[in-house]
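Q: Have a look at the structure that comes next, please.
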2 protein chains.
Amino acid sequence: MGFEKELREKTAWVQDAIEDFFPEEESAAFAGNLAKAMRYSLLAGGKRIRPLLLYESCLLHRADPDKAKPFMAAIEMIHTHSLIHDDLPALDNDGLRRGKPTSHMVFGEAGAILAGDALLNYAYETVLNGFPDSYEEDRALAPAGCTVVREVAADHMARRWRALRILAEKTGMHGMLGGQSVDVENDKRGNLTPDRPMLEYIYENKTAALLEAPLMIGAVLGGANPDEIRRMEIVGSRLGAAFQIRDDILDVTSTEEVLGKPVQSDLTNEKQTFVSLAGGVQEAEKLVRRLTDEAVGLLEEVPGDTAFMKQLIQKMALRSS
Amino acid sequence: MGFEKELREKTAWVQDAIEDFFPEEESAAFAGNLAKAMRYSLLAGGKRIRPLLLYESCLLHRADPDKAKPFMAAIEMIHTHSLIHDDLPALDNDGLRRGKPTSHMVFGEAGAILAGDALLNYAYETVLNGFPDSYEEDRALAPAGCTVVREVAADHMARRWRALRILAEKTGMHGMLGGQSVDVENDKRGNLTPDRPMLEYIYENKTAALLEAPLMIGAVLGGANPDEIRRMEIVGSRLGAAFQIRDDILDVTSTEEVLGKPVQSDLTNEKQTFVSLAGGVQEAEKLVRRLTDEAVGLLEEVPGDTAFMKQLIQKMALRSS
């Protein structure tokens with residue numbers, strides 16, 4: 001099967017997982033508008049890259065992707081939460097996202113703030129409700145007649161705890177929200193020329209952390225050892241940097257029609273990016289290629305069929321929109 | 001020991017637990033201002049009622065309060081998250097909270113939005129990091145020589161999963177955030193006269209849900225059965241309604257000096273509350289007493305020393321500030 005066809009099929013599969021775990025508006029009693037606002041942004045399109053990475057990481061680490069569905073839905077909810085709050089007037093003040101009006105344009109500022117909050121929280125609720133709260137049901141996971149059946153069952157519960165911890169850490173003040181905060185503060189302070197360590201901190205946390213999480217979670221659910229988990233973290237880190245620098249490049253080289261959002265905004269704001277830091281578009285391109293090669297190179301060490309993940313990483317880093 | 005002295009001592013104990021689980025600003029690398037904003041609101045005072053209820057519920061259900069500390073800190077972080085976002089200009093637009101400038105007055109709107117987000121997320125991070133991610137360490141909990149030691153260990157892990165699930169459910173779109181959303185929407189739509197079912201929905205979710213959670217979590221951690229857990233949920237529900245109606249009463253009868261926030265705001269806005277719905281302050285007082293009696297009555301059925309929790313509930317419902 002060709003890569004593009006496989007990508008379409010897998011994207012459709014994770015899209016179903018996301019929709020499956022999102023409740024109908026009717027379930028929210030009086031709070032139907034909150035559910036509507038959550039759904040509006042969650043299902044507004046998007047490439048579903050994070051759940052796709054989790055899907056692939058499950059396959060590579062011998063975890064069942066079907067059993068990881070709640071984590072796939074959760075990570076996309078957290079990503080959507082961050083987009084809704086990023087777009088708010090007090091932050092980036094963006095009226096368009098993927099060519100559609102942003103949450104606060106449709107539901108008002110209060111509605112968008114609460115929809116973002118509720119999506120962040122519902123990510124945890126989805127995972128916590130997506131698995132049994134006892135180890136009884138896990139016993140079936142152990143091979144028949146296995147004498148260590150209870151250990152196997154309890155170990156699966158422990159893996160989920162560890163996976164959810166990774167999701168929380170990569171989302172929070174030492175991850176995505178920390179990076180987001182530093183980025184926003186720089187803008188507000190008029191500090192548009194952060195130095196390289198600070199820009200790297202922002203890219204690593206604001207963007208990379210939530211790509212590292214799904215790659216790591218797949219490994220954890222499959223029972224990978226700490227070195228294998230760490231390797232997936234580095235793949236996510238390199239991919240995140242490449243992805244974000246590509247964003248900087250597209251802001252200079254693309255058009256509003258292609259991106260579905262305004263371009264040249266960094267230039268207009270004289271904002272420091274890796275394009276200016278690296279010394280131009282060509283140098284930034286080189287950096288993207290180096291980071292992408294590193295991510296792909298690390299996957300060489302992983303046993304199993306890594307072809308799809310490698311192509312996905314290259315597509316993300318070399319994308320034109 | 002008198003009630004007030006016991007309350008002071010227990011409050012100091014849970015206050016320590018909250019501070020213990022909050023990281024120093026230095027740990028947040030570049031994101032020091034985010035950590036500062038989180039800490040500003042988390043440690044801005046407050047009665048610490050939710051962690052106190054969890055402490056007491058642990059005692060009543062034979063759970064070790066010391067081991068429940070991460071949950072105590074988490075629930076106070078979630079409560080603080082909701083206060084920060086409630087106070088935002090797009091929501092209640094409050095400049096004062098407990099006599100101090102609110103988060104957005106000090107850190108700006110973007111800073112307050114992100115501090116609220118980060119506190120909500122850090123609640124989950126705190127619980128997930130507050131316990132081992134394997135059942136090995138729990139083996140010590142089982143009696144020496146116990147042949148079912150692994151079951152005991154795995155069961156403790158399962159209880160934590162269940163407890164965290166309750167926290168997420170009571171916080172989210174079917175709990176606090178759902179109630180908050182309906183409350184805000186009514187205000188924005190100019191619908192200041194919600195009918196009784198809607199007002200009850202708002203009180204149950206916006207206020208009661210986060211009082212039910214700690215009462216239930218203590219029971220879950222102690223291994224209570226579903227009926228016992230449900231009983232604590234109802235205690236929290238009655239307490240929450242009484243507490244919120246007391247708020248409505250104080251808005252009519254108290255002063256800004258005593259409350260540390262503006263009074264008569266509901267009257268000025270012609271907003272429907274349980275005071276207007278019940279037909280005046282005296283009728284509302286009767287309702288508070290009935291709800292409080294119900295909560296206290298339910299505690300009669302709980303074995304163990306419930307004296308402190310009963311007094312705490314009465315103090316909360318009959319408070320004058």
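Chain identifiers are assigned as A, B, and so on, following the order in which chains appear in the structure tokens; residues are numbered from 1 within each chain, and ligands are numbered from 1 in order of appearance.
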Near B:Asp133, counting only C-alpha atoms, which residues have an atom at most 8 Å away, once you skip same-chain residues fewer than 6 positions from it, shown as a ChimeraX atom specification?
A: /A:158-159,161-162
Q: Any chance you could list, as a list in words, the residues in stretch 76-200 of chain B that come up strand (DSSP E) when DSSP is run on the backbone?
A: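 Of stretch 76-200 of chain B, only Leu96, Arg97, Lys100 and Pro101 of chain B fall in strand (DSSP E).
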Q: Go through chain A and flag each residue having an atom no more than 7 Å from chain B; for those, report the closest pair of atoms plus their distance in Å to one decimal, using only C-alpha atoms, ordered by chain and rising number, as a Markdown table.
A:
| residue | atom | partner | partner_atom | distance |
| --- | --- | --- | --- | --- |
| A:Ala28 | CA | B:His174 | CA | 6.0 |
| A:Phe30 | CA | B:Val182 | CA | 6.6 |
| A:Ala31 | CA | B:Gly178 | CA | 5.3 |
| A:Leu34 | CA | B:Ser181 | CA | 6.4 |
| A:Ala90 | CA | B:Ala110 | CA | 5.2 |
| A:Leu91 | CA | B:Ala110 | CA | 5.6 |
| A:Glu109 | CA | B:Ala90 | CA | 5.9 |
| A:Ala110 | CA | B:Ala90 | CA | 5.2 |
| A:Leu114 | CA | B:Ser181 | CA | 6.7 |
| A:Asp117 | CA | B:Asp117 | CA | 6.8 |
| A:Ala118 | CA | B:Met173 | CA | 5.8 |
| A:Asn121 | CA | B:Gly172 | CA | 5.8 |
| A:Tyr122 | CA | B:Gly172 | CA | 6.3 |
| A:Tyr124 | CA | B:Ala168 | CA | 6.6 |
| A:Glu125 | CA | B:Ala168 | CA | 5.3 |
| A:Leu128 | CA | B:Arg165 | CA | 5.3 |
| A:Asn129 | CA | B:Arg165 | CA | 6.7 |
| A:Asp133 | CA | B:Ala158 | CA | 5.3 |
| A:Ser134 | CA | B:Ala158 | CA | 5.0 |
| A:Tyr135 | CA | B:Ala158 | CA | 6.9 |
| A:Ala154 | CA | B:Ala154 | CA | 5.6 |
| A:Asp155 | CA | B:Ser134 | CA | 7.0 |
| A:Ala158 | CA | B:Ser134 | CA | 5.0 |
| A:Trp161 | CA | B:Asp133 | CA | 5.9 |
| A:Arg162 | CA | B:Asp133 | CA | 5.5 |
| A:Arg165 | CA | B:Leu128 | CA | 5.3 |
| A:Ala168 | CA | B:Glu125 | CA | 5.3 |
| A:Glu169 | CA | B:Glu125 | CA | 6.2 |
| A:Gly172 | CA | B:Asn121 | CA | 5.8 |
| A:Met173 | CA | B:Ala118 | CA | 5.8 |
| A:His174 | CA | B:Ala28 | CA | 6.0 |
| A:Leu177 | CA | B:Ala118 | CA | 6.4 |
| A:Gly178 | CA | B:Ala31 | CA | 5.3 |
| A:Ser181 | CA | B:Leu34 | CA | 6.4 |
| A:Val182 | CA | B:Ala31 | CA | 5.7 |
Q: Identify, on the basis of only C-alpha atoms, every residue whose closest approach to A:Glu200 does not exceed 12 Å; exclude the query and any residue fewer than 5 positions from it along the same chain; express the result as a short mmCIF file (atom, residue, chain, number, x, y, z; two decimals) with C-alpha atoms, in the first residue's frame.
A:
data_model
loop_
_atom_site.label_atom_id
_atom_site.label_comp_id
_atom_site.auth_asym_id
_atom_site.auth_seq_id
_atom_site.Cartn_x
_atom_site.Cartn_y
_atom_site.Cartn_z
CA GLY A 179 6.60 26.97 26.55
CA VAL A 182 7.33 32.08 27.79
CA ASP A 183 6.32 32.68 24.17
CA PRO A 194 14.75 35.99 22.52
CA ASP A 195 18.18 34.42 22.39
CA ASN A 205 8.05 22.85 25.14
CA LYS A 206 5.36 24.65 23.19
CA THR A 207 5.61 22.35 20.18
CA ALA A 208 7.80 19.31 20.73
CA SER A 237 12.02 16.43 20.26
CA ARG A 238 13.81 16.52 16.87
CA GLY A 240 9.03 19.06 17.10
CA ALA A 241 11.93 21.39 16.35
CA ALA A 242 11.84 20.56 12.63
CA GLN A 244 8.22 24.43 14.29
CA ILE A 245 11.08 25.73 12.13
CA GLN A 272 12.82 36.52 16.10
CA THR A 273 12.36 33.01 14.68
CA PHE A 274 14.73 30.27 13.61
CA LEU A 277 18.38 33.18 13.91
CA PHE B 30 12.27 30.08 31.72
#
Q: Tell me, as a PyMOL selection string, which residues lie within 8 Å of stretch 60-77 of chain B, counting only C-alpha atoms; anything in the same chain fewer than 5 positions away does not count.
A: chain B and resi 14+17-19+21+42+48+50-52+54-55+119-120+122-124+126-127+130+167+210+214+218-219+221-224+302-306
Q: Could you fit chain A onto chain B with a least-squares superposition over all C-alpha atoms, matched one to one in order, and give me the transformed chain as a CSV table (one decimal) with C-alpha atoms, in the first residue's frame?
A:
chain,number,residue,atom,x,y,z
A,1,MET,CA,-9.6,19.6,72.0
A,2,GLY,CA,-12.1,22.3,71.0
A,3,PHE,CA,-13.4,22.5,67.4
A,4,GLU,CA,-11.8,25.8,66.6
A,5,LYS,CA,-8.4,24.6,67.8
A,6,GLU,CA,-8.7,21.3,65.9
A,7,LEU,CA,-9.8,23.3,62.8
A,8,ARG,CA,-6.7,25.5,63.0
A,9,GLU,CA,-4.4,22.5,63.4
A,10,LYS,CA,-5.9,20.5,60.6
A,11,THR,CA,-6.0,23.5,58.3
A,12,ALA,CA,-2.3,24.1,59.0
A,13,TRP,CA,-1.6,20.5,58.2
A,14,VAL,CA,-3.4,20.5,54.8
A,15,GLN,CA,-1.9,23.9,54.0
A,16,ASP,CA,1.6,22.3,54.4
A,17,ALA,CA,0.5,19.5,52.1
A,18,ILE,CA,-0.6,22.0,49.4
A,19,GLU,CA,2.7,23.9,49.7
A,20,ASP,CA,4.8,20.7,49.7
A,21,PHE,CA,3.4,19.7,46.4
A,22,PHE,CA,3.8,23.0,44.7
A,23,PRO,CA,7.2,23.3,42.9
A,24,GLU,CA,9.6,26.2,43.4
A,25,GLU,CA,9.7,28.8,40.7
A,26,GLU,CA,13.3,27.8,39.9
A,27,SER,CA,12.2,24.4,38.7
A,28,ALA,CA,10.2,26.0,35.8
A,29,ALA,CA,13.3,27.1,33.9
A,30,PHE,CA,12.3,30.1,31.7
A,31,ALA,CA,8.7,29.7,32.8
A,32,GLY,CA,9.2,31.3,36.2
A,33,ASN,CA,6.5,33.8,35.8
A,34,LEU,CA,4.0,31.1,35.1
A,35,ALA,CA,5.0,29.4,38.3
A,36,LYS,CA,4.8,32.7,40.2
A,37,ALA,CA,1.3,33.3,38.9
A,38,MET,CA,0.2,29.8,39.9
A,39,ARG,CA,1.6,30.2,43.4
A,40,TYR,CA,0.2,33.7,43.9
A,41,SER,CA,-3.4,32.4,43.6
A,42,LEU,CA,-2.9,29.0,45.1
A,43,LEU,CA,-1.3,30.5,48.3
A,44,ALA,CA,-3.5,33.6,48.5
A,45,GLY,CA,-5.3,32.2,51.5
A,46,GLY,CA,-8.7,30.6,51.6
A,47,LYS,CA,-10.3,28.2,54.0
A,48,ARG,CA,-8.9,25.0,52.4
A,49,ILE,CA,-12.3,23.4,52.9
A,50,ARG,CA,-12.0,20.8,50.1
A,51,PRO,CA,-8.7,19.3,51.4
A,52,LEU,CA,-10.1,19.4,54.9
A,53,LEU,CA,-13.1,17.4,53.8
A,54,LEU,CA,-10.8,14.9,52.2
A,55,TYR,CA,-8.7,14.6,55.3
A,56,GLU,CA,-11.8,13.9,57.4
A,57,SER,CA,-13.3,11.5,54.9
A,58,CYS,CA,-10.0,9.6,55.0
A,59,LEU,CA,-10.2,9.3,58.8
A,60,LEU,CA,-13.8,8.1,58.6
A,61,HIS,CA,-13.1,5.5,56.0
A,62,ARG,CA,-9.8,4.2,57.5
A,63,ALA,CA,-7.6,5.6,54.8
A,64,ASP,CA,-4.3,7.2,55.8
A,65,PRO,CA,-4.6,11.0,55.3
A,66,ASP,CA,-0.8,11.2,54.8
A,67,LYS,CA,-1.1,9.0,51.7
A,68,ALA,CA,-3.9,11.2,50.3
A,69,LYS,CA,-1.9,14.4,50.4
A,70,PRO,CA,-1.4,14.6,46.6
A,71,PHE,CA,-5.2,14.5,46.2
A,72,MET,CA,-5.6,17.3,48.8
A,73,ALA,CA,-3.1,19.5,46.9
A,74,ALA,CA,-4.8,18.6,43.6
A,75,ILE,CA,-8.3,19.5,44.6
A,76,GLU,CA,-7.2,22.9,45.9
A,77,MET,CA,-5.3,23.5,42.6
A,78,ILE,CA,-8.5,22.8,40.7
A,79,HIS,CA,-10.5,25.1,42.9
A,80,THR,CA,-7.9,27.8,42.4
A,81,HIS,CA,-8.0,27.3,38.7
A,82,SER,CA,-11.7,27.9,38.7
A,83,LEU,CA,-11.4,31.1,40.7
A,84,ILE,CA,-8.7,32.5,38.4
A,85,HIS,CA,-10.8,31.9,35.3
A,86,ASP,CA,-14.1,33.0,36.9
A,87,ASP,CA,-12.5,36.4,37.8
A,88,LEU,CA,-11.4,37.1,34.2
A,89,PRO,CA,-12.8,40.2,32.4
A,90,ALA,CA,-14.6,37.9,29.9
A,91,LEU,CA,-16.4,36.1,32.8
A,92,ASP,CA,-17.2,37.8,36.1
A,93,ASN,CA,-14.6,40.6,35.7
A,94,ASP,CA,-13.7,40.7,39.4
A,95,GLY,CA,-10.7,42.8,40.5
A,96,LEU,CA,-10.6,41.6,44.1
A,97,ARG,CA,-10.6,38.1,45.6
A,98,ARG,CA,-10.1,37.5,49.4
A,99,GLY,CA,-9.2,41.2,49.6
A,100,LYS,CA,-6.2,40.8,47.1
A,101,PRO,CA,-6.0,41.8,43.4
A,102,THR,CA,-7.1,39.0,41.2
A,103,SER,CA,-4.7,37.1,38.9
A,104,HIS,CA,-5.3,39.1,35.8
A,105,MET,CA,-4.9,42.4,37.7
A,106,VAL,CA,-1.4,41.3,38.6
A,107,PHE,CA,-0.3,39.1,35.7
A,108,GLY,CA,-2.4,40.3,32.8
A,109,GLU,CA,-5.2,38.4,31.1
A,110,ALA,CA,-2.9,36.1,29.1
A,111,GLY,CA,-1.0,35.3,32.3
A,112,ALA,CA,-4.1,34.6,34.2
A,113,ILE,CA,-5.5,32.3,31.5
A,114,LEU,CA,-2.3,30.3,31.4
A,115,ALA,CA,-1.9,30.2,35.2
A,116,GLY,CA,-5.5,28.7,35.4
A,117,ASP,CA,-4.7,26.2,32.7
A,118,ALA,CA,-1.5,25.2,34.3
A,119,LEU,CA,-3.1,24.8,37.8
A,120,LEU,CA,-5.8,22.5,36.3
A,121,ASN,CA,-3.1,20.4,34.6
A,122,TYR,CA,-0.8,20.4,37.6
A,123,ALA,CA,-3.5,18.9,39.7
A,124,TYR,CA,-3.4,15.8,37.6
A,125,GLU,CA,0.4,15.9,37.4
A,126,THR,CA,0.6,16.1,41.2
A,127,VAL,CA,-1.6,13.0,41.8
A,128,LEU,CA,0.1,11.1,39.0
A,129,ASN,CA,3.6,11.9,40.4
A,130,GLY,CA,2.5,11.5,44.0
A,131,PHE,CA,2.2,7.7,43.8
A,132,PRO,CA,4.5,5.0,42.5
A,133,ASP,CA,3.8,3.9,38.9
A,134,SER,CA,4.2,0.3,39.9
A,135,TYR,CA,2.5,-1.9,42.4
A,136,GLU,CA,5.9,-3.0,43.9
A,137,GLU,CA,6.0,-0.3,46.5
A,138,ASP,CA,2.5,-1.0,47.6
A,139,ARG,CA,3.4,-4.5,48.6
A,140,ALA,CA,4.5,-3.1,51.9
A,141,LEU,CA,0.9,-2.1,52.6
A,142,ALA,CA,-0.2,-5.7,52.9
A,143,PRO,CA,0.2,-7.4,56.3
A,144,ALA,CA,3.4,-9.3,56.7
A,145,GLY,CA,3.2,-12.9,55.5
A,146,CYS,CA,-0.1,-12.2,53.7
A,147,THR,CA,-0.5,-14.6,50.8
A,148,VAL,CA,-2.7,-12.2,48.9
A,149,VAL,CA,-0.1,-9.5,49.0
A,150,ARG,CA,-0.2,-8.9,45.2
A,151,GLU,CA,-4.0,-8.4,45.3
A,152,VAL,CA,-3.7,-5.9,48.1
A,153,ALA,CA,-1.0,-4.0,46.2
A,154,ALA,CA,-2.9,-4.0,42.9
A,155,ASP,CA,-6.1,-3.0,44.7
A,156,HIS,CA,-4.5,0.1,46.1
A,157,MET,CA,-3.4,1.1,42.6
A,158,ALA,CA,-7.0,0.5,41.3
A,159,ARG,CA,-8.4,2.7,44.1
A,160,ARG,CA,-6.2,5.6,43.1
A,161,TRP,CA,-7.3,5.2,39.5
A,162,ARG,CA,-10.9,5.3,40.7
A,163,ALA,CA,-10.3,8.3,42.9
A,164,LEU,CA,-8.6,10.3,40.1
A,165,ARG,CA,-11.5,9.4,37.8
A,166,ILE,CA,-13.9,10.9,40.4
A,167,LEU,CA,-11.8,14.1,40.6
A,168,ALA,CA,-11.9,14.4,36.8
A,169,GLU,CA,-15.6,13.8,36.5
A,170,LYS,CA,-16.6,16.2,39.2
A,171,THR,CA,-14.3,18.9,37.7
A,172,GLY,CA,-15.3,18.6,34.1
A,173,MET,CA,-18.1,19.2,31.6
A,174,HIS,CA,-20.5,17.1,33.6
A,175,GLY,CA,-19.4,18.7,36.9
A,176,MET,CA,-17.9,22.1,37.9
A,177,LEU,CA,-17.1,23.3,34.4
A,178,GLY,CA,-20.6,22.4,33.1
A,179,GLY,CA,-22.2,24.4,36.0
A,180,GLN,CA,-19.9,27.3,35.4
A,181,SER,CA,-20.7,27.4,31.7
A,182,VAL,CA,-24.5,27.4,32.3
A,183,ASP,CA,-24.1,30.2,34.9
A,184,VAL,CA,-22.0,32.4,32.6
A,185,GLU,CA,-24.2,31.8,29.6
A,186,ASN,CA,-27.3,32.9,31.6
A,187,ASP,CA,-25.5,36.1,32.6
A,188,LYS,CA,-24.3,36.8,29.1
A,189,ARG,CA,-27.7,36.1,27.5
A,190,GLY,CA,-29.3,38.4,30.1
A,191,ASN,CA,-31.3,35.4,31.3
A,192,LEU,CA,-31.1,36.4,34.9
A,193,THR,CA,-34.1,34.4,35.9
A,194,PRO,CA,-33.2,30.8,35.4
A,195,ASP,CA,-35.9,28.5,36.7
A,196,ARG,CA,-35.4,26.3,39.7
A,197,PRO,CA,-34.2,23.2,37.9
A,198,MET,CA,-31.6,25.2,36.1
A,199,LEU,CA,-30.5,27.1,39.3
A,200,GLU,CA,-30.3,23.7,41.0
A,201,TYR,CA,-28.2,22.4,38.2
A,202,ILE,CA,-25.8,25.3,38.5
A,203,TYR,CA,-25.5,25.0,42.3
A,204,GLU,CA,-25.0,21.2,42.1
A,205,ASN,CA,-22.3,21.4,39.5
A,206,LYS,CA,-20.6,24.8,39.9
A,207,THR,CA,-20.3,24.5,43.7
A,208,ALA,CA,-21.3,21.1,45.1
A,209,ALA,CA,-19.4,18.8,42.6
A,210,LEU,CA,-16.0,20.0,44.0
A,211,LEU,CA,-17.2,19.4,47.6
A,212,GLU,CA,-18.5,15.9,46.7
A,213,ALA,CA,-15.2,14.9,45.1
A,214,PRO,CA,-13.0,15.0,48.3
A,215,LEU,CA,-15.7,13.3,50.4
A,216,MET,CA,-15.9,10.5,47.9
A,217,ILE,CA,-12.2,10.2,47.3
A,218,GLY,CA,-11.5,9.6,51.0
A,219,ALA,CA,-14.1,6.8,50.9
A,220,VAL,CA,-12.6,5.3,47.7
A,221,LEU,CA,-9.0,5.4,49.1
A,222,GLY,CA,-10.3,3.6,52.2
A,223,GLY,CA,-11.9,0.9,50.2
A,224,ALA,CA,-15.5,1.9,50.9
A,225,ASN,CA,-18.3,0.1,49.0
A,226,PRO,CA,-20.5,1.9,46.4
A,227,ASP,CA,-23.2,2.7,48.9
A,228,GLU,CA,-20.8,4.3,51.3
A,229,ILE,CA,-19.2,6.3,48.4
A,230,ARG,CA,-22.7,7.4,47.2
A,231,ARG,CA,-23.6,8.5,50.8
A,232,MET,CA,-20.6,10.8,50.9
A,233,GLU,CA,-21.6,12.2,47.5
A,234,ILE,CA,-25.0,13.1,48.9
A,235,VAL,CA,-23.4,14.7,51.9
A,236,GLY,CA,-21.4,16.9,49.5
A,237,SER,CA,-24.4,17.7,47.4
A,238,ARG,CA,-26.4,18.9,50.4
A,239,LEU,CA,-23.4,20.8,51.8
A,240,GLY,CA,-22.8,22.4,48.4
A,241,ALA,CA,-26.3,23.6,48.0
A,242,ALA,CA,-26.3,25.0,51.6
A,243,PHE,CA,-23.0,26.7,51.0
A,244,GLN,CA,-24.1,28.3,47.8
A,245,ILE,CA,-27.4,29.5,49.2
A,246,ARG,CA,-25.5,31.0,52.2
A,247,ASP,CA,-23.5,32.9,49.5
A,248,ASP,CA,-26.7,34.3,48.1
A,249,ILE,CA,-27.8,35.3,51.6
A,250,LEU,CA,-24.5,37.0,52.4
A,251,ASP,CA,-24.7,38.9,49.2
A,252,VAL,CA,-27.9,40.5,50.6
A,253,THR,CA,-27.0,40.8,54.3
A,254,SER,CA,-23.3,41.3,54.6
A,255,THR,CA,-20.8,44.1,53.8
A,256,GLU,CA,-17.9,44.5,51.5
A,257,GLU,CA,-15.5,44.8,54.4
A,258,VAL,CA,-16.6,41.5,55.9
A,259,LEU,CA,-16.7,39.5,52.6
A,260,GLY,CA,-13.6,41.1,50.9
A,261,LYS,CA,-15.7,41.4,47.7
A,262,PRO,CA,-18.6,43.6,46.5
A,263,VAL,CA,-22.0,42.8,48.0
A,264,GLN,CA,-25.6,43.3,46.6
A,265,SER,CA,-24.3,42.4,43.2
A,266,ASP,CA,-27.1,40.0,42.6
A,267,LEU,CA,-29.6,42.6,43.6
A,268,THR,CA,-28.0,45.2,41.4
A,269,ASN,CA,-28.0,42.8,38.5
A,270,GLU,CA,-31.6,41.7,39.4
A,271,LYS,CA,-30.1,38.2,39.2
A,272,GLN,CA,-32.2,35.3,40.3
A,273,THR,CA,-30.8,33.4,43.3
A,274,PHE,CA,-32.2,31.1,45.9
A,275,VAL,CA,-33.0,34.1,48.1
A,276,SER,CA,-35.4,35.5,45.5
A,277,LEU,CA,-36.6,32.0,44.5
A,278,ALA,CA,-37.3,30.9,48.1
A,279,GLY,CA,-39.1,34.2,48.8
A,280,GLY,CA,-36.6,36.1,50.9
A,281,VAL,CA,-33.8,35.8,53.3
A,282,GLN,CA,-35.7,34.0,56.0
A,283,GLU,CA,-37.0,31.3,53.7
A,284,ALA,CA,-33.5,30.9,52.3
A,285,GLU,CA,-32.2,30.5,55.8
A,286,LYS,CA,-34.7,27.7,56.5
A,287,LEU,CA,-33.6,26.0,53.3
A,288,VAL,CA,-29.9,26.2,54.4
A,289,ARG,CA,-30.8,24.7,57.7
A,290,ARG,CA,-32.8,21.9,56.2
A,291,LEU,CA,-29.9,21.0,53.8
A,292,THR,CA,-27.4,21.2,56.6
A,293,ASP,CA,-29.5,18.9,58.8
A,294,GLU,CA,-29.7,16.4,55.9
A,295,ALA,CA,-25.9,16.4,55.4
A,296,VAL,CA,-25.3,16.0,59.2
A,297,GLY,CA,-28.1,13.3,59.4
A,298,LEU,CA,-26.4,11.2,56.8
A,299,LEU,CA,-23.2,11.3,58.8
A,300,GLU,CA,-25.1,9.7,61.7
A,301,GLU,CA,-25.0,6.5,59.6
A,302,VAL,CA,-21.2,6.5,59.3
A,303,PRO,CA,-19.3,4.6,61.9
A,304,GLY,CA,-16.4,6.4,63.5
A,305,ASP,CA,-16.0,9.9,65.0
A,306,THR,CA,-18.0,12.2,62.8
A,307,ALA,CA,-18.1,15.1,65.3
A,308,PHE,CA,-15.5,17.3,63.5
A,309,MET,CA,-17.0,16.9,60.1
A,310,LYS,CA,-20.4,17.7,61.4
A,311,GLN,CA,-19.2,20.9,63.0
A,312,LEU,CA,-17.2,21.8,59.9
A,313,ILE,CA,-20.4,21.4,57.7
A,314,GLN,CA,-22.4,23.5,60.1
A,315,LYS,CA,-19.7,26.2,60.2
A,316,MET,CA,-19.6,26.3,56.4
A,317,ALA,CA,-23.3,26.6,56.0
A,318,LEU,CA,-23.9,29.0,58.8
A,319,ARG,CA,-20.9,31.2,58.2
A,320,SER,CA,-21.1,35.0,58.3
A,321,SER,CA,-18.3,35.7,55.7
